[in-house]
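Participant: Structure incoming, see below.
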Amino acid sequence: MATDRPILLVEDNADDEALTLRAFSKNRITNQVVVVRDGVEALDYLFGTGKHAGRNTTAMPAVIFLDLKLPRLDGLEVLRRIRADSRTTLLPVVVLTTSREAQDIREAYQFGANSYIRKPVDFERFLATVGQLGQYWLSLNELVEA
């Protein structure tokens with residue numbers, strides 16, 4: 001069940017991280033949220049390497065919320081590597097970013113994003129958006145079982 005699986009939030013901006021966590025809480029999304037702050041750490045978490053060595057990699061997240069503008073390794077490259085590996089190719093990945101660039105949108109979908117959402121600037125809209133995302137990806141969407 002998706003509510004038993006964690007959410008992986010890949011976000012380098014502390015303010016956006018705090019807003020997202022607050023939005024999850026306000027929308028009664030109770031899944032554990034694993035926060036990683038750059039693309040390398042995201043891949044380390046997913047594949048059980050680096051600072052996440054030894055993590056049980058059979059316990060994959062229900063959904064990944066992925067920012068594009070990340071240090072060390074950008075979100076598009078993270079997405080490309082997620083889709084290239086059989087262990088993660090089917091994980092739902094929602095790009096949650098401030099980018100309005102048509103090229104970013106096109107590449108995100110070309111690399112296999114399940115959805116591309118621009119972060120609303122208005123806090124109330126942000127709360128509503130995250131609530132809808134949580135409802136869809138954690139309650140309505142059917143996940144492939146490992």
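Letters A, B, ... mark the chains of the structure tokens in the order given; residue numbers begin at 1 per chain; ligand numbers begin at 1, in order shown.
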Tell me which protein, DNA and RNA residues are within 10 Å of region 134-136 of chain A, counting only C-alpha atoms, leaving out same-chain ones fewer than 2 positions away, and put them as a PyMOL selection string.
Facilitator: chain A and resi 3+7+23-24+27-31+63+128-132+138-142
Participant: I'd like the neighbourhood of Leu46 (chain A) as a PDB file with N, CA, C and O atoms, in the first residue's frame, where a residue qualifies if any of its atoms comes within 12 Å (using only C-alpha atoms), though same-chain residues fewer than 6 positions away should be ignored.
Facilitator:
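selection.pdb was written with the following content:
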```
ATOM      1  N   PRO A   6       7.609   5.311   1.905  1.00  0.00           N
ATOM      2  CA  PRO A   6       8.024   6.709   2.088  1.00  0.00           C
ATOM      3  C   PRO A   6       7.871   7.527   0.815  1.00  0.00           C
ATOM      4  O   PRO A   6       7.727   6.992  -0.286  1.00  0.00           O
ATOM      5  N   ILE A   7       7.934   8.822   0.991  1.00  0.00           N
ATOM      6  CA  ILE A   7       8.031   9.792  -0.096  1.00  0.00           C
ATOM      7  C   ILE A   7       9.487  10.226  -0.135  1.00  0.00           C
ATOM      8  O   ILE A   7      10.071  10.515   0.909  1.00  0.00           O
ATOM      9  N   LEU A   8      10.072  10.273  -1.313  1.00  0.00           N
ATOM     10  CA  LEU A   8      11.421  10.820  -1.452  1.00  0.00           C
ATOM     11  C   LEU A   8      11.288  12.233  -2.001  1.00  0.00           C
ATOM     12  O   LEU A   8      10.790  12.431  -3.107  1.00  0.00           O
ATOM     13  N   LEU A   9      11.717  13.202  -1.199  1.00  0.00           N
ATOM     14  CA  LEU A   9      11.693  14.607  -1.593  1.00  0.00           C
ATOM     15  C   LEU A   9      13.123  15.026  -1.906  1.00  0.00           C
ATOM     16  O   LEU A   9      13.981  15.021  -1.021  1.00  0.00           O
ATOM     17  N   VAL A  10      13.379  15.361  -3.156  1.00  0.00           N
ATOM     18  CA  VAL A  10      14.703  15.786  -3.598  1.00  0.00           C
ATOM     19  C   VAL A  10      14.634  17.294  -3.790  1.00  0.00           C
ATOM     20  O   VAL A  10      14.122  17.785  -4.794  1.00  0.00           O
ATOM     21  N   VAL A  34      11.508  11.201   3.237  1.00  0.00           N
ATOM     22  CA  VAL A  34      12.964  11.187   3.218  1.00  0.00           C
ATOM     23  C   VAL A  34      13.386  12.368   2.370  1.00  0.00           C
ATOM     24  O   VAL A  34      12.978  12.475   1.209  1.00  0.00           O
ATOM     25  N   VAL A  35      14.171  13.276   2.962  1.00  0.00           N
ATOM     26  CA  VAL A  35      14.615  14.466   2.246  1.00  0.00           C
ATOM     27  C   VAL A  35      16.093  14.311   1.898  1.00  0.00           C
ATOM     28  O   VAL A  35      16.907  14.015   2.772  1.00  0.00           O
ATOM     29  N   VAL A  36      16.401  14.502   0.630  1.00  0.00           N
ATOM     30  CA  VAL A  36      17.791  14.554   0.179  1.00  0.00           C
ATOM     31  C   VAL A  36      17.975  15.889  -0.533  1.00  0.00           C
ATOM     32  O   VAL A  36      17.033  16.414  -1.128  1.00  0.00           O
ATOM     33  N   GLY A  39      21.326  15.838  -6.215  1.00  0.00           N
ATOM     34  CA  GLY A  39      21.104  14.703  -7.085  1.00  0.00           C
ATOM     35  C   GLY A  39      21.921  13.477  -6.737  1.00  0.00           C
ATOM     36  O   GLY A  39      21.440  12.348  -6.852  1.00  0.00           O
ATOM     37  N   VAL A  40      23.154  13.687  -6.300  1.00  0.00           N
ATOM     38  CA  VAL A  40      23.999  12.554  -5.927  1.00  0.00           C
ATOM     39  C   VAL A  40      23.397  11.822  -4.734  1.00  0.00           C
ATOM     40  O   VAL A  40      23.310  10.592  -4.717  1.00  0.00           O
ATOM     41  N   HIS A  52      24.118   6.428   2.111  1.00  0.00           N
ATOM     42  CA  HIS A  52      22.969   5.539   2.322  1.00  0.00           C
ATOM     43  C   HIS A  52      23.340   4.069   2.094  1.00  0.00           C
ATOM     44  O   HIS A  52      22.455   3.223   1.888  1.00  0.00           O
ATOM     45  N   ALA A  53      24.635   3.790   2.118  1.00  0.00           N
ATOM     46  CA  ALA A  53      25.101   2.401   1.946  1.00  0.00           C
ATOM     47  C   ALA A  53      24.481   1.530   3.036  1.00  0.00           C
ATOM     48  O   ALA A  53      24.405   1.913   4.199  1.00  0.00           O
ATOM     49  N   GLY A  54      23.999   0.384   2.638  1.00  0.00           N
ATOM     50  CA  GLY A  54      23.393  -0.534   3.597  1.00  0.00           C
ATOM     51  C   GLY A  54      21.889  -0.365   3.722  1.00  0.00           C
ATOM     52  O   GLY A  54      21.235  -1.177   4.380  1.00  0.00           O
ATOM     53  N   ARG A  55      21.313   0.668   3.121  1.00  0.00           N
ATOM     54  CA  ARG A  55      19.866   0.855   3.163  1.00  0.00           C
ATOM     55  C   ARG A  55      19.194  -0.306   2.425  1.00  0.00           C
ATOM     56  O   ARG A  55      19.695  -0.795   1.427  1.00  0.00           O
ATOM     57  N   ASN A  56      18.073  -0.747   2.942  1.00  0.00           N
ATOM     58  CA  ASN A  56      17.309  -1.810   2.301  1.00  0.00           C
ATOM     59  C   ASN A  56      16.703  -1.264   1.007  1.00  0.00           C
ATOM     60  O   ASN A  56      15.692  -0.563   1.033  1.00  0.00           O
ATOM     61  N   THR A  57      17.314  -1.578  -0.110  1.00  0.00           N
ATOM     62  CA  THR A  57      16.868  -1.016  -1.381  1.00  0.00           C
ATOM     63  C   THR A  57      15.631  -1.707  -1.952  1.00  0.00           C
ATOM     64  O   THR A  57      15.142  -1.297  -2.997  1.00  0.00           O
ATOM     65  N   THR A  58      15.107  -2.718  -1.264  1.00  0.00           N
ATOM     66  CA  THR A  58      13.839  -3.278  -1.707  1.00  0.00           C
ATOM     67  C   THR A  58      12.673  -2.415  -1.233  1.00  0.00           C
ATOM     68  O   THR A  58      11.567  -2.548  -1.741  1.00  0.00           O
ATOM     69  N   ALA A  59      12.924  -1.530  -0.266  1.00  0.00           N
ATOM     70  CA  ALA A  59      11.897  -0.612   0.237  1.00  0.00           C
ATOM     71  C   ALA A  59      12.014   0.709  -0.528  1.00  0.00           C
ATOM     72  O   ALA A  59      12.690   1.638  -0.103  1.00  0.00           O
ATOM     73  N   MET A  60      11.378   0.763  -1.673  1.00  0.00           N
ATOM     74  CA  MET A  60      11.440   1.948  -2.522  1.00  0.00           C
ATOM     75  C   MET A  60      10.315   2.926  -2.164  1.00  0.00           C
ATOM     76  O   MET A  60       9.288   2.532  -1.629  1.00  0.00           O
ATOM     77  N   PRO A  61      10.528   4.199  -2.480  1.00  0.00           N
ATOM     78  CA  PRO A  61       9.493   5.195  -2.182  1.00  0.00           C
ATOM     79  C   PRO A  61       8.229   4.990  -3.017  1.00  0.00           C
ATOM     80  O   PRO A  61       8.284   4.412  -4.112  1.00  0.00           O
ATOM     81  N   ALA A  62       7.115   5.463  -2.483  1.00  0.00           N
ATOM     82  CA  ALA A  62       5.851   5.422  -3.215  1.00  0.00           C
ATOM     83  C   ALA A  62       5.894   6.402  -4.377  1.00  0.00           C
ATOM     84  O   ALA A  62       5.316   6.165  -5.435  1.00  0.00           O
ATOM     85  N   VAL A  63       6.573   7.525  -4.168  1.00  0.00           N
ATOM     86  CA  VAL A  63       6.679   8.571  -5.180  1.00  0.00           C
ATOM     87  C   VAL A  63       7.929   9.403  -4.875  1.00  0.00           C
ATOM     88  O   VAL A  63       8.332   9.525  -3.716  1.00  0.00           O
ATOM     89  N   ILE A  64       8.522   9.947  -5.925  1.00  0.00           N
ATOM     90  CA  ILE A  64       9.658  10.853  -5.795  1.00  0.00           C
ATOM     91  C   ILE A  64       9.209  12.222  -6.268  1.00  0.00           C
ATOM     92  O   ILE A  64       8.699  12.349  -7.389  1.00  0.00           O
ATOM     93  N   VAL A  78      19.321  13.027 -12.775  1.00  0.00           N
ATOM     94  CA  VAL A  78      18.809  12.074 -11.785  1.00  0.00           C
ATOM     95  C   VAL A  78      17.669  11.261 -12.406  1.00  0.00           C
ATOM     96  O   VAL A  78      17.649  10.030 -12.312  1.00  0.00           O
ATOM     97  N   LEU A  79      16.758  11.938 -13.058  1.00  0.00           N
ATOM     98  CA  LEU A  79      15.629  11.263 -13.709  1.00  0.00           C
ATOM     99  C   LEU A  79      16.119  10.280 -14.767  1.00  0.00           C
ATOM    100  O   LEU A  79      15.637   9.140 -14.848  1.00  0.00           O
ATOM    101  N   ARG A  81      18.919   8.683 -14.896  1.00  0.00           N
ATOM    102  CA  ARG A  81      19.528   7.516 -14.246  1.00  0.00           C
ATOM    103  C   ARG A  81      18.493   6.637 -13.552  1.00  0.00           C
ATOM    104  O   ARG A  81      18.628   5.414 -13.509  1.00  0.00           O
ATOM    105  N   ILE A  82      17.446   7.252 -13.002  1.00  0.00           N
ATOM    106  CA  ILE A  82      16.355   6.468 -12.394  1.00  0.00           C
ATOM    107  C   ILE A  82      15.717   5.578 -13.461  1.00  0.00           C
ATOM    108  O   ILE A  82      15.490   4.390 -13.246  1.00  0.00           O
ATOM    109  N   ARG A  83      15.428   6.140 -14.609  1.00  0.00           N
ATOM    110  CA  ARG A  83      14.758   5.395 -15.675  1.00  0.00           C
ATOM    111  C   ARG A  83      15.677   4.365 -16.336  1.00  0.00           C
ATOM    112  O   ARG A  83      15.199   3.393 -16.911  1.00  0.00           O
ATOM    113  N   ASP A  85      17.754   2.351 -14.796  1.00  0.00           N
ATOM    114  CA  ASP A  85      18.047   1.222 -13.916  1.00  0.00           C
ATOM    115  C   ASP A  85      16.775   0.410 -13.678  1.00  0.00           C
ATOM    116  O   ASP A  85      15.733   0.970 -13.303  1.00  0.00           O
ATOM    117  N   SER A  86      16.866  -0.898 -13.855  1.00  0.00           N
ATOM    118  CA  SER A  86      15.682  -1.754 -13.726  1.00  0.00           C
ATOM    119  C   SER A  86      15.070  -1.716 -12.328  1.00  0.00           C
ATOM    120  O   SER A  86      13.873  -1.962 -12.166  1.00  0.00           O
ATOM    121  N   ARG A  87      15.857  -1.393 -11.311  1.00  0.00           N
ATOM    122  CA  ARG A  87      15.320  -1.344  -9.943  1.00  0.00           C
ATOM    123  C   ARG A  87      14.417  -0.136  -9.713  1.00  0.00           C
ATOM    124  O   ARG A  87      13.594  -0.139  -8.797  1.00  0.00           O
ATOM    125  N   THR A  88      14.573   0.902 -10.525  1.00  0.00           N
ATOM    126  CA  THR A  88      13.843   2.151 -10.282  1.00  0.00           C
ATOM    127  C   THR A  88      13.050   2.639 -11.490  1.00  0.00           C
ATOM    128  O   THR A  88      12.357   3.655 -11.385  1.00  0.00           O
ATOM    129  N   THR A  89      13.129   1.941 -12.587  1.00  0.00           N
ATOM    130  CA  THR A  89      12.529   2.429 -13.827  1.00  0.00           C
ATOM    131  C   THR A  89      11.027   2.692 -13.725  1.00  0.00           C
ATOM    132  O   THR A  89      10.501   3.557 -14.413  1.00  0.00           O
ATOM    133  N   LEU A  91       9.379   3.571 -10.836  1.00  0.00           N
ATOM    134  CA  LEU A  91       8.991   4.446  -9.720  1.00  0.00           C
ATOM    135  C   LEU A  91       8.327   5.713 -10.237  1.00  0.00           C
ATOM    136  O   LEU A  91       8.821   6.336 -11.179  1.00  0.00           O
TER     137      LEU A  91
END
```
Participant: Please provide as a PyMOL selection string all residues within 8 Å of Arg118 (chain A), with the sequence filter that same-chain residues fewer than 4 positions apart are discarded (counting only C-alpha atoms).
Facilitator: chain A and resi 96-100
Participant: Output N, CA, C and O atoms of each residue in that selection to a file, as a compact mmCIF listing (two decimals), in the first residue's frame.
Facilitator:
```txt
# COMPACT_ATOMS: atom_id res chain seq x y z
N LEU A 96 8.77 18.59 -9.43
CA LEU A 96 8.15 19.69 -8.67
C LEU A 96 9.19 20.79 -8.61
O LEU A 96 10.15 20.71 -7.85
N THR A 97 9.03 21.81 -9.45
CA THR A 97 10.10 22.77 -9.68
C THR A 97 9.54 24.16 -9.95
O THR A 97 8.34 24.31 -10.20
N THR A 98 10.41 25.14 -9.93
CA THR A 98 10.03 26.51 -10.29
C THR A 98 10.26 26.78 -11.77
O THR A 98 9.82 27.79 -12.28
N SER A 99 10.94 25.89 -12.46
CA SER A 99 11.30 26.13 -13.86
C SER A 99 10.07 26.18 -14.76
O SER A 99 9.22 25.29 -14.73
N ARG A 100 10.04 27.22 -15.59
CA ARG A 100 8.99 27.36 -16.60
C ARG A 100 9.57 27.17 -18.00
O ARG A 100 8.90 27.43 -18.98
```
Participant: I'd like to know which residues of chain A are helix (DSSP H, G or I) (by DSSP, run on the backbone); could you write them as a PyMOL selection string?
Facilitator: chain A and resi 2-4+14-26+39-47+50-52+75-84+102-110+123-140
Participant: Can you tell me, as a list in words, which residues in region 11-127 of chain A count as strand (DSSP E or B) by DSSP?
Facilitator: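 For region 11-127 of chain A, the strand (DSSP E or B) set is Val33, Val34, Val35, Val36, Val63, Ile64, Phe65, Leu66, Val93, Val94, Val95, Leu96, Thr97, Ser115, Tyr116, Ile117 and Arg118 of chain A.
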Participant: Give me, please, the distance in Å between CA of Tyr116 (chain A) and CA of Glu17 (chain A), quoted to one decimal.
Facilitator: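 Between these atoms lies a distance of 17.5 Å.
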Participant: So how many Å separate CA of Lys51 (chain A) and CA of Leu70 (chain A), to one decimal?
Facilitator: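 CA of Leu70 (chain A) lies at a distance of 17.7 Å from CA of Lys51 (chain A).
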